[in-house]
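Trainee: Got a structure for you, target_23.cif, holding mmCIF, C-alpha atoms.
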```cif
data_query
#
loop_
_atom_site.group_PDB
_atom_site.id
_atom_site.type_symbol
_atom_site.label_atom_id
_atom_site.label_comp_id
_atom_site.auth_asym_id
_atom_site.auth_seq_id
_atom_site.Cartn_x
_atom_site.Cartn_y
_atom_site.Cartn_z
ATOM 1 C CA MET A 1 45.606 89.213 118.300
ATOM 2 C CA PHE A 2 48.162 90.235 115.686
ATOM 3 C CA ASN A 3 48.870 93.970 115.613
ATOM 4 C CA THR A 4 48.825 94.964 111.925
ATOM 5 C CA ALA A 5 49.697 98.590 112.668
ATOM 6 C CA ASN A 6 52.890 97.516 114.420
ATOM 7 C CA SER A 7 53.685 95.179 111.511
ATOM 8 C CA ASP A 8 53.257 98.007 109.008
ATOM 9 C CA PHE A 9 55.640 100.150 111.050
ATOM 10 C CA TRP A 10 58.421 97.574 111.015
ATOM 11 C CA ASP A 11 57.854 96.809 107.318
ATOM 12 C CA PHE A 12 58.298 100.487 106.438
ATOM 13 C CA ASP A 13 61.458 101.197 104.459
ATOM 14 C CA PHE A 14 62.916 104.423 105.849
ATOM 15 C CA THR A 15 65.383 104.696 102.963
ATOM 16 C CA GLN A 16 62.683 104.486 100.304
ATOM 17 C CA PRO A 17 61.734 107.883 98.841
ATOM 18 C CA GLN A 18 58.269 109.032 99.874
ATOM 19 C CA PRO A 19 56.206 111.331 97.603
ATOM 20 C CA THR A 20 55.391 113.798 100.399
ATOM 21 C CA GLN A 21 58.682 113.757 102.314
ATOM 22 C CA ASP A 22 60.018 117.121 101.144
ATOM 23 C CA ALA A 23 56.618 118.837 101.214
ATOM 24 C CA ASP A 24 56.033 117.600 104.768
ATOM 25 C CA LEU A 25 59.503 118.714 105.847
ATOM 26 C CA LEU A 26 58.903 122.157 104.369
ATOM 27 C CA LYS A 27 55.611 122.505 106.248
ATOM 28 C CA GLN A 28 57.232 121.523 109.533
ATOM 29 C CA LEU A 29 60.332 123.703 109.103
ATOM 30 C CA ASP A 30 59.008 126.562 106.989
ATOM 31 C CA PHE A 31 60.693 129.028 109.355
ATOM 32 C CA VAL A 32 64.167 127.857 108.242
ATOM 33 C CA PRO A 33 65.526 130.355 105.695
ATOM 34 C CA GLY A 34 66.574 128.846 102.382
ATOM 35 C CA LEU A 35 65.140 125.399 103.120
ATOM 36 C CA LYS A 36 62.796 125.404 100.131
ATOM 37 C CA GLU A 37 65.631 126.388 97.812
ATOM 38 C CA ILE A 38 67.820 123.556 99.154
ATOM 39 C CA LEU A 39 65.033 120.984 98.782
ATOM 40 C CA MET A 40 64.269 122.225 95.293
ATOM 41 C CA LEU A 41 67.938 122.154 94.272
ATOM 42 C CA ARG A 42 68.235 118.503 95.327
ATOM 43 C CA GLN A 43 65.159 117.572 93.287
ATOM 44 C CA VAL A 44 66.340 119.576 90.273
ATOM 45 C CA HIS A 45 69.717 117.835 90.510
ATOM 46 C CA ALA A 46 68.016 114.434 90.318
ATOM 47 C CA LEU A 47 65.897 115.495 87.338
ATOM 48 C CA GLU A 48 69.010 116.770 85.568
ATOM 49 C CA HIS A 49 70.681 113.378 85.974
ATOM 50 C CA ALA A 50 67.559 111.514 84.887
ATOM 51 C CA THR A 51 67.290 113.663 81.762
ATOM 52 C CA VAL A 52 70.917 112.970 80.830
ATOM 53 C CA TRP A 53 70.302 109.230 81.269
ATOM 54 C CA VAL A 54 67.173 109.323 79.096
ATOM 55 C CA LEU A 55 68.969 111.273 76.381
ATOM 56 C CA GLY A 56 71.850 108.811 76.640
ATOM 57 C CA GLU A 57 69.518 105.898 75.987
ATOM 58 C CA ARG A 58 68.755 107.396 72.606
ATOM 59 C CA PHE A 59 72.038 109.009 71.645
ATOM 60 C CA GLY A 60 74.670 107.544 73.962
ATOM 61 C CA VAL A 61 76.670 104.396 74.538
ATOM 62 C CA SER A 62 76.254 101.635 77.093
ATOM 63 C CA ARG A 63 77.652 102.377 80.538
ATOM 64 C CA THR A 64 77.256 100.698 83.904
ATOM 65 C CA GLY A 65 75.407 103.117 86.155
ATOM 66 C CA ALA A 66 75.051 103.255 89.916
ATOM 67 C CA ALA A 67 72.953 100.108 90.185
ATOM 68 C CA THR A 68 71.928 99.209 86.676
ATOM 69 C CA ASP A 69 73.137 99.208 83.086
ATOM 70 C CA LEU A 70 72.209 102.480 81.425
ATOM 71 C CA SER A 71 73.423 104.444 78.431
ATOM 72 C CA ASP A 72 75.313 107.688 78.706
ATOM 73 C CA ASN A 73 76.395 110.449 76.357
ATOM 74 C CA ASP A 74 79.706 112.017 77.358
ATOM 75 C CA ASN A 75 78.933 115.040 75.180
ATOM 76 C CA LEU A 76 76.124 116.090 77.518
ATOM 77 C CA GLY A 77 76.613 117.978 80.764
ATOM 78 C CA GLY A 78 74.422 119.814 83.211
ATOM 79 C CA LEU A 79 74.335 122.415 85.958
ATOM 80 C CA SER A 80 71.517 122.590 88.490
ATOM 81 C CA THR A 81 70.050 125.646 90.208
ATOM 82 C CA ASP A 82 67.045 126.039 92.481
ATOM 83 C CA GLU A 83 65.018 127.309 89.508
ATOM 84 C CA GLY A 84 65.910 124.606 86.987
ATOM 85 C CA PHE A 85 68.948 123.222 85.229
ATOM 86 C CA TYR A 86 71.216 124.031 82.307
ATOM 87 C CA LEU A 87 71.955 121.269 79.828
ATOM 88 C CA TYR A 88 75.016 121.552 77.592
ATOM 89 C CA GLY A 89 75.496 119.806 74.277
ATOM 90 C CA GLU A 90 73.991 119.687 70.807
ATOM 91 C CA LEU A 91 70.325 118.975 71.405
ATOM 92 C CA ASP A 92 67.144 119.215 69.401
ATOM 93 C CA PRO A 93 64.575 121.145 71.490
ATOM 94 C CA ALA A 94 61.857 118.596 70.728
ATOM 95 C CA ASP A 95 64.099 115.700 71.797
ATOM 96 C CA LEU A 96 65.037 117.544 74.975
ATOM 97 C CA SER A 97 61.420 118.297 75.823
ATOM 98 C CA ARG A 98 60.427 114.663 75.399
ATOM 99 C CA ALA A 99 63.421 113.511 77.440
ATOM 100 C CA VAL A 100 62.712 115.876 80.342
ATOM 101 C CA HIS A 101 59.067 114.868 80.654
ATOM 102 C CA LEU A 102 59.880 111.175 80.258
ATOM 103 C CA ALA A 103 62.667 111.431 82.830
ATOM 104 C CA LEU A 104 60.347 113.112 85.333
ATOM 105 C CA ARG A 105 57.695 110.467 84.809
ATOM 106 C CA ARG A 106 60.099 107.540 85.122
ATOM 107 C CA ILE A 107 62.045 108.763 88.137
ATOM 108 C CA THR A 108 58.902 109.557 90.130
ATOM 109 C CA ARG A 109 57.385 106.174 89.298
ATOM 110 C CA GLY A 110 60.138 104.091 90.793
ATOM 111 C CA GLU A 111 63.278 104.322 88.608
ATOM 112 C CA TRP A 112 65.186 106.019 91.407
ATOM 113 C CA ASP A 113 68.601 104.970 90.118
ATOM 114 C CA LEU A 114 68.182 107.651 87.444
ATOM 115 C CA ALA A 115 68.949 110.225 90.155
ATOM 116 C CA VAL A 116 72.575 109.063 90.431
ATOM 117 C CA HIS A 117 75.118 109.722 87.687
ATOM 118 C CA PRO A 118 78.806 108.663 87.615
ATOM 119 C CA ARG A 119 79.938 111.919 85.964
ATOM 120 C CA CYS A 120 78.362 114.115 88.634
ATOM 121 C CA GLY A 121 80.530 116.743 90.280
ATOM 122 C CA THR A 122 79.564 115.256 93.637
ATOM 123 C CA ASN A 123 81.817 112.294 92.889
ATOM 124 C CA LEU A 124 84.699 114.626 92.044
ATOM 125 C CA SER A 125 84.243 116.549 95.295
ATOM 126 C CA VAL A 126 84.034 113.338 97.313
ATOM 127 C CA GLY A 127 87.175 112.051 95.603
ATOM 128 C CA MET A 128 89.139 115.209 96.388
ATOM 129 C CA LEU A 129 88.079 115.233 100.047
ATOM 130 C CA LEU A 130 88.733 111.525 100.429
ATOM 131 C CA THR A 131 92.160 111.734 98.812
ATOM 132 C CA ALA A 132 93.140 114.699 100.980
ATOM 133 C CA GLY A 133 91.900 113.001 104.142
ATOM 134 C CA LEU A 134 93.620 109.693 103.459
ATOM 135 C CA ALA A 135 96.830 111.440 102.408
ATOM 136 C CA LEU A 136 96.842 113.418 105.650
ATOM 137 C CA GLY A 137 96.212 110.242 107.606
ATOM 138 C CA ALA A 138 99.044 108.473 105.803
ATOM 139 C CA HIS A 139 101.355 111.413 106.511
ATOM 140 C CA LEU A 140 100.619 111.166 110.230
ATOM 141 C CA VAL A 141 100.795 107.375 110.446
ATOM 142 C CA MET A 142 103.733 106.530 108.186
ATOM 143 C CA PRO A 143 107.366 107.006 109.283
ATOM 144 C CA PRO A 144 108.788 110.461 108.452
ATOM 145 C CA GLY A 145 111.249 109.250 105.817
ATOM 146 C CA PRO A 146 110.680 110.502 102.240
ATOM 147 C CA VAL A 147 110.275 107.006 100.783
ATOM 148 C CA GLU A 148 107.721 106.038 103.418
ATOM 149 C CA GLN A 149 105.843 109.304 102.948
ATOM 150 C CA ILE A 150 105.683 108.882 99.171
ATOM 151 C CA LEU A 151 104.518 105.306 99.627
ATOM 152 C CA GLY A 152 101.839 106.477 102.051
ATOM 153 C CA VAL A 153 100.536 109.107 99.653
ATOM 154 C CA GLY A 154 100.487 106.554 96.840
ATOM 155 C CA LEU A 155 98.516 104.078 98.927
ATOM 156 C CA ALA A 156 96.115 106.820 100.011
ATOM 157 C CA THR A 157 95.523 107.892 96.414
ATOM 158 C CA ALA A 158 94.945 104.315 95.278
ATOM 159 C CA ALA A 159 92.532 103.654 98.132
ATOM 160 C CA ALA A 160 90.623 106.862 97.426
ATOM 161 C CA SER A 161 90.253 106.003 93.734
ATOM 162 C CA GLU A 162 88.760 102.628 94.676
ATOM 163 C CA ILE A 163 86.337 103.985 97.262
ATOM 164 C CA THR A 164 85.272 107.217 95.559
ATOM 165 C CA PRO A 165 82.738 105.849 93.008
ATOM 166 C CA ASP A 166 80.658 104.024 95.622
ATOM 167 C CA LEU A 167 80.975 106.747 98.236
ATOM 168 C CA GLY A 168 80.173 109.418 95.654
ATOM 169 C CA ASN A 169 77.061 107.540 94.572
ATOM 170 C CA LEU A 170 75.945 107.297 98.202
ATOM 171 C CA ALA A 171 76.497 111.030 98.646
ATOM 172 C CA GLN A 172 74.382 111.706 95.573
ATOM 173 C CA ARG A 173 71.618 109.337 96.628
ATOM 174 C CA TYR A 174 71.235 110.644 100.179
ATOM 175 C CA LEU A 175 72.678 114.173 100.184
ATOM 176 C CA THR A 176 72.796 116.022 96.880
ATOM 177 C CA THR A 177 69.738 114.632 95.069
ATOM 178 C CA ALA A 178 66.134 113.845 95.940
ATOM 179 C CA ILE A 179 63.377 112.291 93.850
ATOM 180 C CA PRO A 180 61.561 115.224 92.161
ATOM 181 C CA PHE A 181 58.068 114.479 93.449
ATOM 182 C CA ASN A 182 57.387 118.214 93.813
ATOM 183 C CA LEU A 183 58.651 119.494 90.466
ATOM 184 C CA ALA A 184 56.674 120.486 87.403
ATOM 185 C CA VAL A 185 58.345 121.505 84.146
ATOM 186 C CA GLU A 186 57.502 125.097 83.276
ATOM 187 C CA SER A 187 59.539 125.869 80.152
ATOM 188 C CA ILE A 188 62.591 124.877 78.112
ATOM 189 C CA THR A 189 64.542 127.630 76.381
ATOM 190 C CA ALA A 190 67.787 128.032 74.459
ATOM 191 C CA THR A 191 69.977 130.409 76.430
ATOM 192 C CA SER A 192 73.459 130.807 77.915
ATOM 193 C CA ASP A 193 74.705 130.309 81.451
ATOM 194 C CA ILE A 194 76.258 132.963 83.686
ATOM 195 C CA TRP A 195 79.632 132.403 81.982
ATOM 196 C CA GLY A 196 78.170 132.873 78.506
ATOM 197 C CA ASN A 197 78.261 129.217 77.459
ATOM 198 C CA PRO A 198 75.394 128.182 75.146
ATOM 199 C CA ALA A 199 72.918 125.847 76.780
ATOM 200 C CA HIS A 200 69.274 124.930 77.168
ATOM 201 C CA PHE A 201 67.604 125.893 80.435
ATOM 202 C CA VAL A 202 64.848 123.703 81.835
ATOM 203 C CA ARG A 203 62.815 125.873 84.200
ATOM 204 C CA VAL A 204 60.759 124.119 86.850
ATOM 205 C CA ARG A 205 58.375 125.137 89.610
ATOM 206 C CA TRP A 206 57.511 123.692 92.994
ATOM 207 C CA GLN A 207 54.178 121.989 93.490
ATOM 208 C CA ASP A 208 52.892 120.445 96.721
#
```
Could you render the structure as structure tokens?

Mentor:
Amino acid sequence: MFNTANSDFWDFDFTQPQPTQDADLLKQLDFVPGLKEILMLRQVHALEHATVWVLGERFGVSRTGAATDLSDNDNLGGLSTDEGFYLYGELDPADLSRAVHLALRRITRGEWDLAVHPRCGTNLSVGMLLTAGLALGAHLVMPPGPVEQILGVGLATAAASEITPDLGNLAQRYLTTAIPFNLAVESITATSDIWGNPAHFVRVRWQD
């Protein structure tokens, strides 16, 4: 007799986002201080990216995204916190409200590529670490002569620039963002960030 339960287990995609994954993790590890804030920050980060993509579809230009062709607007930027995210740029509040709610709906219904954005600071951080690591490796491996050392650093920099986009996207997908299954939009207000820069703040709340 064919075991359907065993078949379902092997057919399960462990990399596919699950709607209850963060809520279940929080229930199991609720004694870990700051865990909820970390989980919420990852989900907010994904919603920030999705909102920028949705706004870009209306006001931006075509750009190849992480895994699909999307539109981007280089005049928009964001900053995520565990309470919501700041969005910078000239925006109509009504357009922003529609974009946020549409982004949340689309990303939680299967458009998971919206969570990854090529202009994210994660990519910059990955690029810096990768360049430093490869440069150090080249310094240790290459002969000590100045020409060889310069050549090694150049090769390390070139290699890092080639690898960074893909590695940065992987870091976003699996480390710094999570599909916002547990977020609900609470309010959108015109405000300024902690440095005094004008922005809109999209406040969210956690829901199980």

Trainee: I need the output of the PyMOL selection byres ((chain A and resi 208) around 12) for this file as a list in words; which residues are they?

Mentor: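 Applying the PyMOL selection byres ((chain A and resi 208) around 12) to the structure shown produces Pro19, Thr20, Gln21, Asp22, Ala23, Asp24, Leu25, Leu26, Lys27, Lys36, Met40, Pro180, Phe181, Asn182, Leu183, Ala184, Arg205, Trp206 and Gln207 of chain A.
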
Trainee: Tell me, as a PyMOL selection string, which residues lie within 12 Å of Ile179 in chain A, counting all atoms listed in the file; anything in the same chain fewer than 2 positions away does not count.

Mentor: chain A and resi 16-23+39-50+103-116+172-177+181-183

Trainee: Pull out every residue that the PyMOL selection byres ((chain A and resi 199) around 9) matches in the shown coordinates and put them as a count of residues only.

Mentor: 16

Trainee: Taking all listed atoms of range 179-195 of chain A, build the axis-aligned box, pad each of the six sides by 8 Å, then write its centre and edge lengths in Å to one decimal as AutoDock Vina command-line options.

Mentor:
```
--center_x 68.2 --center_y 122.6 --center_z 84.2 --size_x 39.0 --size_y 36.7 --size_z 35.4
```

Trainee: Would you translate the PyMOL selection byres ((chain A and resi 95) around 12) into the concrete set of residues it matches in this file, as a ChimeraX atom specification?

Mentor: /A:51-52,54-59,90-94,96-103,188,200

Trainee: I need the residue nearest Leu151 in chain A from this list: A:Phe85, A:Trp195, A:Arg203, A:Ala135. Use only C-alpha atoms for the distance.

Mentor: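 Of all the options, A:Ala135 lies closest to Leu151 in chain A.
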
Trainee: One number please: CA of His139 in chain A to CA of Asp166 in chain A, in Å, one decimal.

Mentor: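 CA of Asp166 in chain A lies 24.5 Å from CA of His139 in chain A.
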
Trainee: Can you measure CA of Val202 in chain A to CA of Asp72 in chain A for me? One decimal in Å is fine.

Mentor: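 If I compute the distance from CA of Val202 in chain A to CA of Asp72 in chain A, I get 19.4 Å.
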
Trainee: For a test of reading the model, state the distance in Å between CA of Ala156 in chain A and CA of Leu134 in chain A, rounded to one decimal.

Mentor: 5.1 Å

Trainee: Calculated over all atoms listed in the file, which of the candidates A:Ala132, A:Leu124, A:Ile194, A:Leu76 has the smallest distance to Ala159 in chain A?

Mentor: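 Of all the options, A:Ala132 lies closest to Ala159 in chain A.
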